[in-house]
Each structure stands twice: as C-alpha cells, then as structure tokens.
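Student: Sharing a structure here in structure tokens format.
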Amino acid sequence: MYDPSCLFEIPVVFHVIQSTAGEGFLDAATIQDQIDVLNEDFQAIAGTPGAPGTDARVGFHLATTDPGGNPTTGI
C-alpha cells in the first residue's frame with residue numbers, strides 16, 4: 001500500500017574524472033551542494049527554486065556502502 005509520508009531514498013555515487021594536473025577536480029562540498037539541489041527540486045522544498053514544483057517524495061544522499069558492502073564516501 002502507498003504511504004504518502006514515506007520518502008524514497010536513493011544512494012548516489014559521483015565519479016569525478018580529473019587530469020593528473022588536477023583539472024576537473026570537484027571537492028566534497030561542491031558535490032554535496034549538487035545533492036542538495038536535487039533534493040530541493042525533487043522535494044519542492046519551500047524557499048528554494050524547486051518550491052513551485054510537486055514533492056515527488058524522493059530524496060538523494062551520497063552512498064555510504066559500495067556494492068560489496070564496503071564503506072565509501074560516495075565520491
């Protein structure tokens with residue numbers, strides 16, 4: 001049965017590709033900012049650009065375990 005108070009959480013992994021010279025580097029704060037934007041938009045959080053939308057009851061967070069069950073930062 002559908003529970004409208006339930007939030008479907010999706011673990012996300014970011015693959016950052018950078019050159020040996022450091023071009024393309026993204027720090028953890030920038031990546032977290034993007035997770036926050038996803039949540040603002042998918043959850044129509046008040047006071048954000050996503051507010052006029054519809055709350056899809058979907059949330060995103062950086063993965064904490066890899067497919068083998070090992071700890072990861074999600075980056």
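Note on naming: chains are A, B, ... as they come in the structure tokens, residues start from 1 per chain, ligands start from 1 in the order shown.
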Please return as a list in words: the residues of chain A that backbone DSSP assigns to helix (DSSP H, G or I).
Tutor: Ala28, Ala29, Thr30, Ile31, Gln32, Asp33, Gln34, Ile35, Asp36, Val37, Leu38, Asn39, Glu40, Asp41 and Phe42 of chain A
Student: Suppose we keep C-alpha atoms; can you now write the selection as an mmCIF file, in the first residue's frame?
Tutor:
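The resulting file, again.cif, is shown below:
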```cif
data_model
loop_
_atom_site.group_PDB
_atom_site.id
_atom_site.type_symbol
_atom_site.label_atom_id
_atom_site.label_comp_id
_atom_site.auth_asym_id
_atom_site.auth_seq_id
_atom_site.Cartn_x
_atom_site.Cartn_y
_atom_site.Cartn_z
ATOM 1 C CA ALA A 28 33.168 17.141 -1.445
ATOM 2 C CA ALA A 29 31.346 20.394 -0.618
ATOM 3 C CA THR A 30 30.559 21.046 -4.290
ATOM 4 C CA ILE A 31 29.259 17.518 -4.703
ATOM 5 C CA GLN A 32 27.099 17.839 -1.570
ATOM 6 C CA ASP A 33 25.748 21.116 -2.937
ATOM 7 C CA GLN A 34 24.536 19.226 -6.008
ATOM 8 C CA ILE A 35 22.869 16.575 -3.842
ATOM 9 C CA ASP A 36 21.132 19.430 -2.001
ATOM 10 C CA VAL A 37 19.884 20.900 -5.298
ATOM 11 C CA LEU A 38 18.483 17.511 -6.334
ATOM 12 C CA ASN A 39 16.616 17.285 -3.030
ATOM 13 C CA GLU A 40 15.323 20.855 -3.289
ATOM 14 C CA ASP A 41 13.931 20.142 -6.743
ATOM 15 C CA PHE A 42 12.535 16.640 -6.197
#
```
Student: Extract, using only C-alpha atoms, all DNA, RNA and protein residues at most 10 Å from A:Arg57, discarding same-chain residues fewer than 2 positions from it, and format them as a PyMOL selection string.
Tutor: chain A and resi 4-9+39+42-44+54-55+59
Student: Between A:Ile75, A:Asp3, A:Ile10, A:Ile17, which is the closest to A:His61 once you count only C-alpha atoms?
Tutor: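 Counting only C-alpha atoms, the residue closest to A:His61 is A:Ile10.
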Student: Any chance you could list, as a list in words, the residues in stretch 3-61 of chain A that come up strand (DSSP E) when DSSP is run on the backbone?
Tutor: Phe8, Glu9, Ile10, Pro11, Val12, Val58, Gly59, Phe60 and His61 of chain A
Student: Save out the residues we just selected, N, CA, C and O atoms, as a PDB file, in the first residue's frame.
Tutor:
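Written file, part-v2.pdb:
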```pdb
ATOM      1  N   PHE A   8      11.257   8.061  -0.496  1.00  0.00           N
ATOM      2  CA  PHE A   8      12.073   7.064  -1.164  1.00  0.00           C
ATOM      3  C   PHE A   8      13.497   7.610  -1.283  1.00  0.00           C
ATOM      4  O   PHE A   8      13.721   8.614  -1.947  1.00  0.00           O
ATOM      5  N   GLU A   9      14.456   6.996  -0.597  1.00  0.00           N
ATOM      6  CA  GLU A   9      15.845   7.465  -0.558  1.00  0.00           C
ATOM      7  C   GLU A   9      16.691   6.734  -1.604  1.00  0.00           C
ATOM      8  O   GLU A   9      16.665   5.508  -1.681  1.00  0.00           O
ATOM      9  N   ILE A  10      17.436   7.507  -2.376  1.00  0.00           N
ATOM     10  CA  ILE A  10      18.294   6.954  -3.417  1.00  0.00           C
ATOM     11  C   ILE A  10      19.756   7.278  -3.103  1.00  0.00           C
ATOM     12  O   ILE A  10      20.135   8.447  -3.064  1.00  0.00           O
ATOM     13  N   PRO A  11      20.578   6.241  -2.859  1.00  0.00           N
ATOM     14  CA  PRO A  11      22.007   6.487  -2.661  1.00  0.00           C
ATOM     15  C   PRO A  11      22.664   6.817  -4.003  1.00  0.00           C
ATOM     16  O   PRO A  11      22.368   6.186  -5.019  1.00  0.00           O
ATOM     17  N   VAL A  12      23.516   7.836  -4.004  1.00  0.00           N
ATOM     18  CA  VAL A  12      24.132   8.322  -5.231  1.00  0.00           C
ATOM     19  C   VAL A  12      25.648   8.202  -5.123  1.00  0.00           C
ATOM     20  O   VAL A  12      26.222   8.438  -4.067  1.00  0.00           O
ATOM     21  N   VAL A  58      10.993  11.850  -3.138  1.00  0.00           N
ATOM     22  CA  VAL A  58      12.254  11.204  -3.469  1.00  0.00           C
ATOM     23  C   VAL A  58      13.368  12.031  -2.859  1.00  0.00           C
ATOM     24  O   VAL A  58      13.377  13.257  -2.968  1.00  0.00           O
ATOM     25  N   GLY A  59      14.307  11.363  -2.185  1.00  0.00           N
ATOM     26  CA  GLY A  59      15.462  12.029  -1.605  1.00  0.00           C
ATOM     27  C   GLY A  59      16.743  11.371  -2.065  1.00  0.00           C
ATOM     28  O   GLY A  59      16.768  10.174  -2.362  1.00  0.00           O
ATOM     29  N   PHE A  60      17.790  12.144  -2.139  1.00  0.00           N
ATOM     30  CA  PHE A  60      19.091  11.647  -2.587  1.00  0.00           C
ATOM     31  C   PHE A  60      20.123  11.867  -1.490  1.00  0.00           C
ATOM     32  O   PHE A  60      20.067  12.859  -0.765  1.00  0.00           O
ATOM     33  N   HIS A  61      21.059  10.949  -1.355  1.00  0.00           N
ATOM     34  CA  HIS A  61      22.177  11.094  -0.432  1.00  0.00           C
ATOM     35  C   HIS A  61      23.382  10.355  -0.996  1.00  0.00           C
ATOM     36  O   HIS A  61      23.224   9.435  -1.816  1.00  0.00           O
TER      37      HIS A  61
END
```
Student: What is the atom CA of A:Asp66-atom CA of A:Phe14 distance in Å, reported with one decimal?
Tutor: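 Atom-to-atom, atom CA of A:Asp66 and atom CA of A:Phe14 are spaced 12.0 Å apart.
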Student: Find the distance between atom CA of A:Thr20 and atom CA of A:Ala63 and write it in Å to one decimal.
Tutor: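 Atom CA of A:Ala63 lies 25.5 Å from atom CA of A:Thr20.
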Student: Could you state the separation of atom CA of A:His15 and atom CA of A:Gly69 in Å, given to one decimal place?
Tutor: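 Going from atom CA of A:His15 over to atom CA of A:Gly69, I get 18.1 Å.
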